[in-house]
Each structure stands twice: as C-alpha cells, then as structure tokens.
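Printed here is my_file-v4.cif (mmCIF, C-alpha atoms and all ligand atoms):
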data_model
loop_
_atom_site.group_PDB
_atom_site.id
_atom_site.type_symbol
_atom_site.label_atom_id
_atom_site.label_comp_id
_atom_site.auth_asym_id
_atom_site.auth_seq_id
_atom_site.Cartn_x
_atom_site.Cartn_y
_atom_site.Cartn_z
ATOM 1 C CA MET Q 1099 0.000 0.000 0.000
ATOM 2 C CA ASP Q 1100 1.263 3.449 -0.861
ATOM 3 C CA TYR Q 1101 1.536 5.928 1.986
ATOM 4 C CA LYS Q 1102 0.071 9.410 1.657
ATOM 5 C CA ILE Q 1103 2.887 11.935 1.382
ATOM 6 C CA ALA Q 1104 3.048 15.643 2.227
ATOM 7 C CA ASP Q 1105 5.965 17.682 0.946
ATOM 8 C CA GLY Q 1106 6.534 21.109 2.470
ATOM 9 C CA HIS Q 1107 8.560 22.802 -0.234
ATOM 10 C CA THR Q 1108 8.997 22.790 -3.994
ATOM 11 C CA ASP Q 1109 10.210 25.567 -6.296
ATOM 12 C CA MET Q 1110 8.419 23.947 -9.228
ATOM 13 C CA LEU Q 1111 6.748 27.241 -10.213
ATOM 14 C CA LEU Q 1112 10.152 28.484 -11.420
ATOM 15 C CA ASN Q 1113 10.112 25.780 -14.117
ATOM 16 C CA PHE Q 1114 7.577 27.794 -16.093
ATOM 17 C CA ASN Q 1115 10.255 30.441 -16.627
ATOM 18 C CA ARG Q 1116 13.167 28.049 -16.974
ATOM 19 C CA ASP Q 1117 11.695 26.252 -19.977
ATOM 20 C CA LYS Q 1118 8.840 27.501 -22.131
ATOM 21 C CA ASP Q 1119 7.923 23.888 -22.901
ATOM 22 C CA PHE Q 1120 7.494 22.963 -19.232
ATOM 23 C CA CYS Q 1121 4.037 21.483 -18.775
ATOM 24 C CA PHE Q 1122 2.586 20.608 -15.354
ATOM 25 C CA ASN Q 1123 0.369 17.898 -16.855
ATOM 26 C CA LYS Q 1124 3.066 15.858 -18.508
ATOM 27 C CA ASN Q 1125 6.188 14.071 -17.381
ATOM 28 C CA ASN Q 1126 9.097 16.508 -17.847
ATOM 29 C CA LYS Q 1127 12.339 14.563 -17.737
ATOM 30 C CA ASN Q 1128 14.518 17.577 -16.866
ATOM 31 C CA PHE Q 1129 12.491 18.644 -13.841
ATOM 32 C CA HIS Q 1130 11.732 17.195 -10.417
ATOM 33 C CA VAL Q 1131 8.034 17.981 -10.015
ATOM 34 C CA ASP Q 1132 4.960 17.744 -12.259
ATOM 35 C CA LEU Q 1133 1.504 16.211 -11.953
ATOM 36 C CA PRO Q 1134 2.417 12.686 -13.173
ATOM 37 C CA LYS Q 1135 5.310 12.553 -10.664
ATOM 38 C CA LEU Q 1136 3.123 13.854 -7.808
ATOM 39 C CA LYS Q 1137 0.684 11.041 -8.602
ATOM 40 C CA GLU Q 1138 3.417 8.438 -8.960
ATOM 41 C CA ALA Q 1139 4.545 9.240 -5.396
ATOM 42 C CA ASN Q 1140 0.979 9.432 -4.013
ATOM 43 C CA ILE Q 1141 1.551 13.027 -2.900
ATOM 44 C CA ALA Q 1142 -1.496 14.150 -0.921
ATOM 45 C CA LEU Q 1143 -0.220 17.616 -0.024
ATOM 46 C CA GLU Q 1144 2.363 19.851 -1.671
ATOM 47 C CA VAL Q 1145 3.510 23.357 -0.781
ATOM 48 C CA PHE Q 1146 4.233 25.416 -3.928
ATOM 49 C CA ALA Q 1147 6.646 28.268 -3.216
ATOM 50 C CA VAL Q 1148 6.807 31.625 -4.982
ATOM 51 C CA PHE Q 1149 10.491 32.509 -5.162
ATOM 52 C CA ILE Q 1150 11.715 35.884 -6.403
ATOM 53 C CA GLU Q 1151 14.875 35.654 -8.490
ATOM 54 C CA ASP Q 1152 17.721 38.054 -7.644
ATOM 55 C CA GLY Q 1153 17.212 40.356 -10.622
ATOM 56 C CA TYR Q 1154 13.713 41.291 -9.464
ATOM 57 C CA PHE Q 1155 14.538 42.281 -5.890
ATOM 58 C CA PRO Q 1156 13.734 44.803 -4.498
ATOM 59 C CA GLU Q 1157 11.991 47.072 -7.059
ATOM 60 C CA ASN Q 1158 10.102 44.401 -8.964
ATOM 61 C CA ALA Q 1159 9.498 41.925 -6.139
ATOM 62 C CA LEU Q 1160 5.764 42.611 -5.976
ATOM 63 C CA LYS Q 1161 5.352 42.356 -9.748
ATOM 64 C CA ARG Q 1162 7.271 39.055 -9.842
ATOM 65 C CA THR Q 1163 5.367 37.636 -6.861
ATOM 66 C CA LEU Q 1164 2.051 38.372 -8.567
ATOM 67 C CA HIS Q 1165 3.394 36.785 -11.779
ATOM 68 C CA TYR Q 1166 4.045 33.477 -9.998
ATOM 69 C CA ILE Q 1167 0.825 33.602 -7.960
ATOM 70 C CA ASN Q 1168 -0.990 33.946 -11.254
ATOM 71 C CA ILE Q 1169 0.811 30.902 -12.688
ATOM 72 C CA PHE Q 1170 -0.125 28.894 -9.590
ATOM 73 C CA ARG Q 1171 -3.776 29.897 -9.752
ATOM 74 C CA GLU Q 1172 -4.163 29.450 -13.518
ATOM 75 C CA THR Q 1173 -2.015 26.377 -14.062
ATOM 76 C CA ILE Q 1174 -1.986 24.382 -10.801
ATOM 77 C CA ALA Q 1175 -4.986 25.328 -8.675
ATOM 78 C CA SER Q 1176 -7.391 25.091 -11.618
ATOM 79 C CA LYS Q 1177 -6.659 21.388 -12.273
ATOM 80 C CA LYS Q 1178 -9.376 18.887 -11.431
ATOM 81 C CA ASP Q 1179 -6.908 16.727 -9.467
ATOM 82 C CA ILE Q 1180 -5.899 19.656 -7.224
ATOM 83 C CA VAL Q 1181 -7.559 21.500 -4.360
ATOM 84 C CA HIS Q 1182 -6.129 24.951 -3.579
ATOM 85 C CA ILE Q 1183 -6.084 24.901 0.240
ATOM 86 C CA LYS Q 1184 -7.656 27.992 1.790
ATOM 87 C CA ASP Q 1185 -9.110 26.594 5.007
ATOM 88 C CA SER Q 1186 -9.075 23.364 6.971
ATOM 89 C CA THR Q 1187 -12.210 21.984 5.310
ATOM 90 C CA ASP Q 1188 -10.383 22.070 1.964
ATOM 91 C CA ILE Q 1189 -7.856 19.530 3.266
ATOM 92 C CA ILE Q 1190 -10.651 17.242 4.458
ATOM 93 C CA ARG Q 1191 -12.401 17.607 1.085
ATOM 94 C CA ALA Q 1192 -9.205 16.864 -0.863
ATOM 95 C CA GLU Q 1193 -8.752 13.690 1.192
ATOM 96 C CA ALA Q 1194 -12.376 12.608 0.630
ATOM 97 C CA GLU Q 1195 -12.110 13.256 -3.110
ATOM 98 C CA ASN Q 1196 -8.634 11.733 -3.363
ATOM 99 C CA LYS Q 1197 -7.149 14.963 -4.722
ATOM 100 C CA ILE Q 1198 -3.873 16.732 -4.028
ATOM 101 C CA SER Q 1199 -3.934 19.531 -1.453
ATOM 102 C CA ALA Q 1200 -1.946 22.438 -2.886
ATOM 103 C CA VAL Q 1201 -0.739 25.117 -0.482
ATOM 104 C CA LEU Q 1202 0.503 28.395 -1.973
ATOM 105 C CA SER Q 1203 3.489 29.908 -0.170
ATOM 106 C CA LEU Q 1204 5.824 32.875 -0.471
ATOM 107 C CA GLU Q 1205 9.504 32.028 -0.076
ATOM 108 C CA GLY Q 1206 10.619 35.368 1.294
ATOM 109 C CA ALA Q 1207 8.112 38.128 1.987
ATOM 110 C CA ASP Q 1208 10.203 40.340 -0.261
ATOM 111 C CA ALA Q 1209 7.145 41.887 -1.853
ATOM 112 C CA VAL Q 1210 5.703 43.045 1.474
ATOM 113 C CA THR Q 1211 6.290 46.720 2.224
ATOM 114 C CA GLU Q 1212 3.108 47.325 4.222
ATOM 115 C CA LEU Q 1213 0.816 45.111 6.288
ATOM 116 C CA SER Q 1214 -2.208 45.386 4.005
ATOM 117 C CA GLN Q 1215 -0.258 43.492 1.327
ATOM 118 C CA ILE Q 1216 -0.322 40.436 3.601
ATOM 119 C CA ASN Q 1217 -4.131 40.710 3.567
ATOM 120 C CA SER Q 1218 -3.989 40.929 -0.229
ATOM 121 C CA PHE Q 1219 -1.790 37.831 -0.478
ATOM 122 C CA TYR Q 1220 -4.171 36.037 1.875
ATOM 123 C CA ASN Q 1221 -7.042 36.967 -0.437
ATOM 124 C CA LEU Q 1222 -5.077 35.549 -3.368
ATOM 125 C CA GLY Q 1223 -4.778 32.255 -1.491
ATOM 126 C CA VAL Q 1224 -1.329 32.400 0.161
ATOM 127 C CA ARG Q 1225 -1.355 30.236 3.305
ATOM 128 C CA LEU Q 1226 2.335 29.963 4.257
ATOM 129 C CA ILE Q 1227 5.009 32.656 4.289
ATOM 130 C CA THR Q 1228 8.746 32.157 4.744
ATOM 131 C CA LEU Q 1229 9.572 35.575 6.169
ATOM 132 C CA THR Q 1230 12.912 35.964 4.428
ATOM 133 C CA TRP Q 1231 14.949 34.215 1.807
ATOM 134 C CA ASN Q 1232 18.519 34.709 3.151
ATOM 135 C CA ARG Q 1233 18.582 38.450 2.376
ATOM 136 C CA ARG Q 1234 17.144 41.424 4.301
ATOM 137 C CA ASN Q 1235 13.630 42.614 3.587
ATOM 138 C CA MET Q 1236 11.175 44.949 5.324
ATOM 139 C CA LEU Q 1237 10.152 42.258 7.842
ATOM 140 C CA ALA Q 1238 13.405 40.672 8.952
ATOM 141 C CA ASP Q 1239 17.025 39.816 8.265
ATOM 142 C CA GLY Q 1240 17.780 36.617 6.414
ATOM 143 C CA LEU Q 1241 20.563 34.332 7.535
ATOM 144 C CA THR Q 1242 23.199 35.775 5.198
ATOM 145 C CA VAL Q 1243 22.827 39.216 6.800
ATOM 146 C CA ASN Q 1244 25.261 39.106 9.695
ATOM 147 C CA SER Q 1245 24.040 42.220 11.442
ATOM 148 C CA GLY Q 1246 22.501 40.610 14.513
ATOM 149 C CA GLY Q 1247 19.109 41.825 13.316
ATOM 150 C CA GLY Q 1248 15.874 39.918 13.845
ATOM 151 C CA LEU Q 1249 12.349 41.090 13.105
ATOM 152 C CA THR Q 1250 11.659 44.726 12.342
ATOM 153 C CA ASP Q 1251 8.647 46.439 13.944
ATOM 154 C CA LEU Q 1252 6.780 45.723 10.713
ATOM 155 C CA GLY Q 1253 7.918 42.095 10.933
ATOM 156 C CA LYS Q 1254 6.526 41.770 14.462
ATOM 157 C CA LYS Q 1255 3.175 43.143 13.341
ATOM 158 C CA ALA Q 1256 3.291 40.813 10.335
ATOM 159 C CA VAL Q 1257 3.690 37.784 12.637
ATOM 160 C CA GLU Q 1258 0.608 38.840 14.619
ATOM 161 C CA LEU Q 1259 -1.357 39.387 11.424
ATOM 162 C CA MET Q 1260 -0.330 36.029 9.960
ATOM 163 C CA ASN Q 1261 -1.443 34.319 13.181
ATOM 164 C CA GLN Q 1262 -4.817 36.075 12.901
ATOM 165 C CA LEU Q 1263 -5.211 35.360 9.197
ATOM 166 C CA LYS Q 1264 -4.218 31.710 9.630
ATOM 167 C CA ILE Q 1265 -1.138 31.951 7.466
ATOM 168 C CA THR Q 1266 1.513 29.441 8.605
ATOM 169 C CA ILE Q 1267 4.860 31.045 9.488
ATOM 170 C CA ASP Q 1268 7.988 29.447 8.039
ATOM 171 C CA LEU Q 1269 11.391 29.921 9.716
ATOM 172 C CA SER Q 1270 13.658 28.457 7.025
ATOM 173 C CA HIS Q 1271 16.237 30.990 5.738
ATOM 174 C CA ILE Q 1272 15.748 33.503 8.584
ATOM 175 C CA SER Q 1273 18.529 34.891 10.801
ATOM 176 C CA GLN Q 1274 19.080 33.402 14.279
ATOM 177 C CA GLU Q 1275 17.666 36.545 15.906
ATOM 178 C CA GLY Q 1276 14.607 36.503 13.657
ATOM 179 C CA PHE Q 1277 14.055 32.839 14.443
ATOM 180 C CA TRP Q 1278 13.892 33.512 18.189
ATOM 181 C CA ASP Q 1279 11.752 36.641 17.765
ATOM 182 C CA ILE Q 1280 9.152 34.528 15.966
ATOM 183 C CA ILE Q 1281 9.322 31.703 18.518
ATOM 184 C CA ASP Q 1282 8.590 34.321 21.216
ATOM 185 C CA LEU Q 1283 5.782 36.001 19.297
ATOM 186 C CA SER Q 1284 3.833 33.355 17.388
ATOM 187 C CA SER Q 1285 0.690 31.996 19.006
ATOM 188 C CA LYS Q 1286 0.416 29.254 16.363
ATOM 189 C CA PRO Q 1287 2.643 26.297 15.416
ATOM 190 C CA VAL Q 1288 5.487 27.432 13.157
ATOM 191 C CA VAL Q 1289 7.537 25.379 10.705
ATOM 192 C CA ALA Q 1290 11.010 25.238 9.246
ATOM 193 C CA SER Q 1291 9.657 23.951 5.954
ATOM 194 C CA HIS Q 1292 12.963 22.899 4.373
ATOM 195 C CA SER Q 1293 15.866 22.822 6.837
ATOM 196 C CA ASN Q 1294 18.024 20.060 8.326
ATOM 197 C CA VAL Q 1295 20.064 19.203 11.410
ATOM 198 C CA LYS Q 1296 23.161 21.330 12.084
ATOM 199 C CA LYS Q 1297 24.715 18.694 14.376
ATOM 200 C CA ILE Q 1298 24.918 16.332 11.367
ATOM 201 C CA ARG Q 1299 25.767 18.892 8.694
ATOM 202 C CA SER Q 1300 27.098 22.170 10.025
ATOM 203 C CA ILE Q 1301 25.877 24.877 7.655
ATOM 204 C CA GLU Q 1302 23.935 28.063 8.333
ATOM 205 C CA ARG Q 1303 20.755 26.775 6.683
ATOM 206 C CA ASN Q 1304 20.447 23.917 9.187
ATOM 207 C CA LEU Q 1305 19.031 24.145 12.703
ATOM 208 C CA ASP Q 1306 20.891 23.666 15.968
ATOM 209 C CA ASP Q 1307 19.472 21.523 18.784
ATOM 210 C CA SER Q 1308 17.924 24.438 20.677
ATOM 211 C CA GLN Q 1309 16.102 25.561 17.519
ATOM 212 C CA ILE Q 1310 14.822 22.044 16.820
ATOM 213 C CA ARG Q 1311 13.537 21.744 20.394
ATOM 214 C CA ALA Q 1312 11.894 25.185 20.178
ATOM 215 C CA VAL Q 1313 10.012 24.317 16.973
ATOM 216 C CA ALA Q 1314 8.842 21.037 18.536
ATOM 217 C CA LYS Q 1315 7.759 22.748 21.769
ATOM 218 C CA ASN Q 1316 5.763 25.240 19.730
ATOM 219 C CA GLY Q 1317 3.863 22.339 18.104
ATOM 220 C CA GLY Q 1318 5.479 22.868 14.720
ATOM 221 C CA LEU Q 1319 7.716 20.743 12.506
ATOM 222 C CA ILE Q 1320 10.907 20.621 10.502
ATOM 223 C CA GLY Q 1321 10.723 19.504 6.871
ATOM 224 C CA ILE Q 1322 13.817 17.592 5.756
ATOM 225 C CA ASN Q 1323 15.526 19.206 2.754
ATOM 226 C CA PHE Q 1324 16.931 16.805 0.117
ATOM 227 C CA CYS Q 1325 19.749 19.133 -0.985
ATOM 228 C CA PRO Q 1326 22.858 16.872 -0.793
ATOM 229 C CA GLN Q 1327 24.968 19.768 0.544
ATOM 230 C CA PHE Q 1328 22.475 20.202 3.411
ATOM 231 C CA LEU Q 1329 22.493 16.475 4.230
ATOM 232 C CA ASN Q 1330 26.158 15.488 4.321
ATOM 233 C CA THR Q 1331 29.643 17.020 4.119
ATOM 234 C CA SER Q 1332 30.534 14.765 1.207
ATOM 235 C CA ALA Q 1333 27.619 15.639 -1.028
ATOM 236 C CA ALA Q 1334 28.729 13.229 -3.768
ATOM 237 C CA ASP Q 1335 27.601 10.017 -2.037
ATOM 238 C CA VAL Q 1336 24.379 11.227 -0.486
ATOM 239 C CA ASP Q 1337 21.455 8.789 -0.596
ATOM 240 C CA GLY Q 1338 18.307 7.843 1.335
ATOM 241 C CA SER Q 1339 20.316 6.799 4.401
ATOM 242 C CA ASP Q 1340 21.368 10.445 4.846
ATOM 243 C CA ILE Q 1341 17.736 11.559 4.806
ATOM 244 C CA ILE Q 1342 16.972 8.909 7.441
ATOM 245 C CA LYS Q 1343 19.860 10.142 9.647
ATOM 246 C CA HIS Q 1344 18.334 13.632 9.851
ATOM 247 C CA ILE Q 1345 14.881 12.183 10.527
ATOM 248 C CA ASP Q 1346 16.252 9.868 13.255
ATOM 249 C CA TYR Q 1347 18.067 12.733 14.926
ATOM 250 C CA ILE Q 1348 14.986 14.946 15.161
ATOM 251 C CA VAL Q 1349 12.802 12.048 16.318
ATOM 252 C CA LYS Q 1350 15.241 11.271 19.154
ATOM 253 C CA LEU Q 1351 15.777 14.913 20.128
ATOM 254 C CA ALA Q 1352 12.281 16.309 19.763
ATOM 255 C CA GLY Q 1353 9.792 13.531 19.031
ATOM 256 C CA ILE Q 1354 8.087 11.880 16.094
ATOM 257 C CA GLU Q 1355 5.541 14.716 15.761
ATOM 258 C CA SER Q 1356 8.128 17.308 14.787
ATOM 259 C CA VAL Q 1357 9.723 15.903 11.636
ATOM 260 C CA ALA Q 1358 8.358 15.825 8.086
ATOM 261 C CA LEU Q 1359 9.496 16.386 4.503
ATOM 262 C CA GLY Q 1360 10.423 19.632 2.731
ATOM 263 C CA SER Q 1361 12.226 18.239 -0.298
ATOM 264 C CA ASP Q 1362 13.065 21.519 -2.090
ATOM 265 C CA TYR Q 1363 12.685 19.673 -5.410
ATOM 266 C CA ASP Q 1364 13.209 22.020 -8.366
ATOM 267 C CA GLY Q 1365 14.890 24.398 -5.927
ATOM 268 C CA ILE Q 1366 17.917 22.094 -5.662
ATOM 269 C CA THR Q 1367 20.155 21.069 -8.542
ATOM 270 C CA ASN Q 1368 21.531 17.756 -7.314
ATOM 271 C CA THR Q 1369 19.482 15.074 -5.582
ATOM 272 C CA PRO Q 1370 20.282 12.118 -3.318
ATOM 273 C CA VAL Q 1371 20.949 8.827 -5.152
ATOM 274 C CA GLY Q 1372 17.626 7.021 -5.661
ATOM 275 C CA PHE Q 1373 15.620 10.216 -5.099
ATOM 276 C CA GLU Q 1374 16.127 11.837 -8.504
ATOM 277 C CA ASN Q 1375 12.670 13.405 -8.540
ATOM 278 C CA ILE Q 1376 9.538 13.635 -6.408
ATOM 279 C CA GLY Q 1377 8.085 10.524 -8.068
ATOM 280 C CA LYS Q 1378 10.522 8.377 -6.054
ATOM 281 C CA LEU Q 1379 9.288 9.389 -2.610
ATOM 282 C CA GLN Q 1380 7.558 6.092 -1.742
ATOM 283 C CA LEU Q 1381 11.087 4.646 -1.474
ATOM 284 C CA LEU Q 1382 11.445 6.632 1.716
ATOM 285 C CA ALA Q 1383 8.584 4.691 3.309
ATOM 286 C CA GLU Q 1384 10.454 1.467 2.570
ATOM 287 C CA LYS Q 1385 13.644 2.880 4.049
ATOM 288 C CA LEU Q 1386 11.867 4.107 7.191
ATOM 289 C CA ASN Q 1387 10.305 0.656 7.571
ATOM 290 C CA LYS Q 1388 13.700 -1.034 7.221
ATOM 291 C CA ASN Q 1389 15.033 1.333 9.877
ATOM 292 C CA GLY Q 1390 12.475 0.149 12.426
ATOM 293 C CA TYR Q 1391 9.700 2.719 12.064
ATOM 294 C CA LYS Q 1392 6.174 1.352 12.557
ATOM 295 C CA SER Q 1393 3.519 2.168 9.978
ATOM 296 C CA ARG Q 1394 1.779 4.745 12.219
ATOM 297 C CA GLU Q 1395 5.127 6.515 12.715
ATOM 298 C CA ILE Q 1396 5.809 6.482 8.978
ATOM 299 C CA GLU Q 1397 2.360 7.985 8.386
ATOM 300 C CA LYS Q 1398 3.191 10.843 10.771
ATOM 301 C CA ILE Q 1399 6.552 11.648 9.185
ATOM 302 C CA LEU Q 1400 5.320 11.368 5.615
ATOM 303 C CA TYR Q 1401 1.904 13.026 5.929
ATOM 304 C CA LEU Q 1402 0.135 13.454 9.250
ATOM 305 C CA ASN Q 1403 2.553 15.957 10.812
ATOM 306 C CA TRP Q 1404 2.153 18.470 7.978
ATOM 307 C CA ARG Q 1405 -1.601 17.804 8.003
ATOM 308 C CA ARG Q 1406 -1.791 18.501 11.763
ATOM 309 C CA VAL Q 1407 0.156 21.775 11.520
ATOM 310 C CA PHE Q 1408 -1.962 23.077 8.651
ATOM 311 C CA LEU Q 1409 -5.210 22.055 10.361
ATOM 312 C CA GLU Q 1410 -4.077 23.923 13.501
ATOM 313 C CA ASN Q 1411 -3.136 27.020 11.534
ATOM 314 C CA LEU Q 1412 -5.990 27.149 9.029
HETATM 315 ZN ZN ZN Q 1501 14.617 27.741 0.161
#

Let me see the file written as structure tokens.
Amino acid sequence: MDYKIADGHTDMLLNFNRDKDFCFNKNNKNFHVDLPKLKEANIALEVFAVFIEDGYFPENALKRTLHYINIFRETIASKKDIVHIKDSTDIIRAEAENKISAVLSLEGADAVTELSQINSFYNLGVRLITLTWNRRNMLADGLTVNSGGGLTDLGKKAVELMNQLKITIDLSHISQEGFWDIIDLSSKPVVASHSNVKKIRSIERNLDDSQIRAVAKNGGLIGINFCPQFLNTSAADVDGSDIIKHIDYIVKLAGIESVALGSDYDGITNTPVGFENIGKLQLLAEKLNKNGYKSREIEKILYLNWRRVFLENL
C-alpha cells in the first residue's frame, strides 16, 4: 500500500520560466516535479513556493510575486486533481475526493512593504510565508545578513497578522535573531519547511538543537531538505540513508511529531541517489520501515505531521 505523502517545499513554479515547454500535466524529464510525478509518489499535499529571483529584488518583487501567484492559480490550482487549500475543510475535502492539497506559499516576503499586502496575499490564497529568503527585507534579516538583526517592527506586526489570518509562518532561511523573535511572538505552530540538522551537517541553513527543540515545543515541525549539501559534508555520495539520519536525529531529540518532509525539489540542482525526482518518494517509506519505524510513525513523518500543523493554523 502506498503511503500518503506531504511535501513542504517545492520551487516547481520556477520551471515555467526556466523552460517555455514545461508542462505541469506531462512528465518533464529535466524537472523534479509535475503532476504525473506527484501522482506516482501518491503526494497528498504539496507546498508550492513563490520565489523571487535576484534580478527582481527589491523594485520588482511585488510584480514578480504576482506573476508566480498567477501561474499557480491558472495552471496548478485550476486542475481537477488539485484542491487549492484555503481553510481546513479544503484539506478534508481533498482527502475525501482523493485529490492533491496544494498550499501556496511565499519564499521570502520580499514583496511586502506594508501590512495590508499580507491581507492581499491572503485573499489571493497564500497560506504559508517564509519571512525571508537569506537576504534582508522589510520584515526581517535573512541568515546571510550578519548584522545581529531579527524582526523589524513591521515584521513583528506581520507575525501577529499572519497568526490572525491563519497563514503558517515558516522559519527556514531567517537569521538566528529573527528565528527567536518569531518563537517568542507566534501563538500558532510554526515550521522550518525545508531545513536540516546542524549537528549532522554544520551549515547556516540547518538548525541547531535548541532551535529544533523550540520548533517542537511550539507544536510545529521541521521539513527535511533533500539538498545533498544540506544532508552530508561529502555531497557526492548522499542517498536515502542520509535523509533517514536527519529524521532519526529529530525524532530522538524532539519527538516523532516534529519531523516531516520539505524536499526543495526544483529548488535544488543535485538530488540524493535514488531520489532523482519527487516521483521516487515512496522509497522513503520502505527505508523508514527497514530502519524500524512502525507504519503509524511512517504515516506521521510522511503526511500526518504536515496535516496537523496546517489544520491547527488554518
Ligand atoms: Zn529555500
């Protein structure tokens, strides 16, 4: 039996600008994510990120964000196999109708210069926001800005508003200070949608033990990123066992409820051996089983943890 799978991060929307022949409905051999591959893996929930390429930031960030939101709404959300998730009942309906729950997210709130824009993005169907993508924006410092800065005053108000609007807050890519500001402020479970364990692979994008415990205590989760450089120091030989190591570590440190998947497919260039695209994800269930996980535990890691966090936020 195939497990239901939730994946907390793909940059698939960028494919529409990478290749004019990219088609969501067909199998594209040069890309990681499309509808046939989502079905092959029995993906029940996917988070589609809007990422703003460097050349558009800051002046054209809003224009570019709206461009990708439009692609999502016209090309993904309109499909009969997809339910664009706007509230908790949509997830229940998608499950009952055996459709894919599609969550629209912003990877970096780079387009936000005033609070009312968050309301506008909510109205367009955005339900998860990663506050920064590495750089500095009006809400917070990203992790490449070594200024010791966390959330701005606008960022603090944005966190409150997102809690009220039921937009899930994503901590991946934010500075240390911003991370802790959000942990202090958020009244809802937060996520690190695509980040790994720093103790295993010491890079800035991964989380230290205190951060992992804080996300777990808050009722949130950490989605494991498949980027080989985030999984292991010798990125050349990375395979499914490296993914399992990060999962095991979080389970032991913080509990089975706090780990999930955030593959970053189509946001990463290289992939772990055996996990060349999202279609291969059922292999992870086999590997978890071989590593002693019971089926209920596998269900939590692969689907139920993301489902719980979204149901609590929506
Ligand atoms: Zn990212």

Residues within 8 Å of ligand ZN 1501 (chain Q), counting all atoms listed in the file: report them as a ChimeraX atom specification.
-> /Q:1107,1205,1231,1270-1271,1292,1362,1365

With C-alpha atoms retained, could you export that selection as a PDB file, in the coordinates of the input?
ATOM      1  CA  HIS Q1107       8.560  22.802  -0.234  1.00  0.00           C
ATOM      2  CA  GLU Q1205       9.504  32.028  -0.076  1.00  0.00           C
ATOM      3  CA  TRP Q1231      14.949  34.215   1.807  1.00  0.00           C
ATOM      4  CA  SER Q1270      13.658  28.457   7.025  1.00  0.00           C
ATOM      5  CA  HIS Q1271      16.237  30.990   5.738  1.00  0.00           C
ATOM      6  CA  HIS Q1292      12.963  22.899   4.373  1.00  0.00           C
ATOM      7  CA  ASP Q1362      13.065  21.519  -2.090  1.00  0.00           C
ATOM      8  CA  GLY Q1365      14.890  24.398  -5.927  1.00  0.00           C
TER       9      GLY Q1365
END

Hey, what's within 8 Å of Asp1105 (chain Q) if we count all atoms listed in the file and toss same-chain stuff fewer than 2 positions away? As a ChimeraX atom specification, please?
-> /Q:1103,1107-1108,1141,1143-1145,1321,1358-1361,1400-1401

Using 12 Å as the limit and counting all atoms listed in the file, can you tabulate each residue of region 1255-1328 of chain Q that touches region 1209-1212 of chain Q, with its shortest atom-to-atom distance in Å and the two atoms involved, as a tab-separated table?
residue	atom	partner	partner_atom	distance
Q:Lys1255	CA	Q:Glu1212	CA	10.0
Q:Ala1256	CA	Q:Glu1212	CA	8.9
Q:Leu1259	CA	Q:Glu1212	CA	11.6

Counting all atoms listed in the file, the residue of Q:Leu1386, Q:Asn1304, Q:Arg1405, Q:Ala1238 that sits nearest Trp1278 (chain Q) = Q:Ala1238

So how far away is CA of Leu1409 (chain Q) from CA of Glu1355 (chain Q), in Å?
->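 Rounded to one decimal, the two atoms are 14.1 Å apart.
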
For Ile1320 (chain Q), which residue among Q:Gly1253, Q:Gly1106, Q:Gly1247, Q:Gly1390 is the nearest when counting only C-alpha atoms?
-> Q:Gly1106

Please enumerate the residues selected by the PyMOL selection byres (((chain Q and resi 1192) around 10) and not hetatm) when evaluated against the supplied file, formatted as a compact mmCIF listing (two decimals) with C-alpha atoms, keeping the file's coordinate frame.
# COMPACT_ATOMS: atom_id res chain seq x y z
CA ALA Q 1142 -1.50 14.15 -0.92
CA LEU Q 1143 -0.22 17.62 -0.02
CA ASP Q 1179 -6.91 16.73 -9.47
CA ILE Q 1180 -5.90 19.66 -7.22
CA VAL Q 1181 -7.56 21.50 -4.36
CA HIS Q 1182 -6.13 24.95 -3.58
CA ILE Q 1183 -6.08 24.90 0.24
CA THR Q 1187 -12.21 21.98 5.31
CA ASP Q 1188 -10.38 22.07 1.96
CA ILE Q 1189 -7.86 19.53 3.27
CA ILE Q 1190 -10.65 17.24 4.46
CA ARG Q 1191 -12.40 17.61 1.08
CA GLU Q 1193 -8.75 13.69 1.19
CA ALA Q 1194 -12.38 12.61 0.63
CA GLU Q 1195 -12.11 13.26 -3.11
CA ASN Q 1196 -8.63 11.73 -3.36
CA LYS Q 1197 -7.15 14.96 -4.72
CA ILE Q 1198 -3.87 16.73 -4.03
CA SER Q 1199 -3.93 19.53 -1.45
CA ALA Q 1200 -1.95 22.44 -2.89

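The residue that comes closest to Leu1241 (chain Q), out of Q:Leu1202, Q:Leu1229, Q:Leu1111, Q:Leu1412 and on the basis of only C-alpha atoms, is Q:Leu1229.
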
Tell me which residues the PyMOL selection byres (((chain Q and resi 1345) around 9) and not hetatm) grabs here, as an mmCIF file with C-alpha atoms, in the coordinates of the input.
data_model
loop_
_atom_site.group_PDB
_atom_site.id
_atom_site.type_symbol
_atom_site.label_atom_id
_atom_site.label_comp_id
_atom_site.auth_asym_id
_atom_site.auth_seq_id
_atom_site.Cartn_x
_atom_site.Cartn_y
_atom_site.Cartn_z
ATOM 1 C CA ASN Q 1294 18.024 20.060 8.326
ATOM 2 C CA VAL Q 1295 20.064 19.203 11.410
ATOM 3 C CA ILE Q 1322 13.817 17.592 5.756
ATOM 4 C CA ASP Q 1340 21.368 10.445 4.846
ATOM 5 C CA ILE Q 1341 17.736 11.559 4.806
ATOM 6 C CA ILE Q 1342 16.972 8.909 7.441
ATOM 7 C CA LYS Q 1343 19.860 10.142 9.647
ATOM 8 C CA HIS Q 1344 18.334 13.632 9.851
ATOM 9 C CA ASP Q 1346 16.252 9.868 13.255
ATOM 10 C CA TYR Q 1347 18.067 12.733 14.926
ATOM 11 C CA ILE Q 1348 14.986 14.946 15.161
ATOM 12 C CA VAL Q 1349 12.802 12.048 16.318
ATOM 13 C CA LYS Q 1350 15.241 11.271 19.154
ATOM 14 C CA ILE Q 1354 8.087 11.880 16.094
ATOM 15 C CA VAL Q 1357 9.723 15.903 11.636
ATOM 16 C CA ALA Q 1358 8.358 15.825 8.086
ATOM 17 C CA ILE Q 1399 6.552 11.648 9.185
#
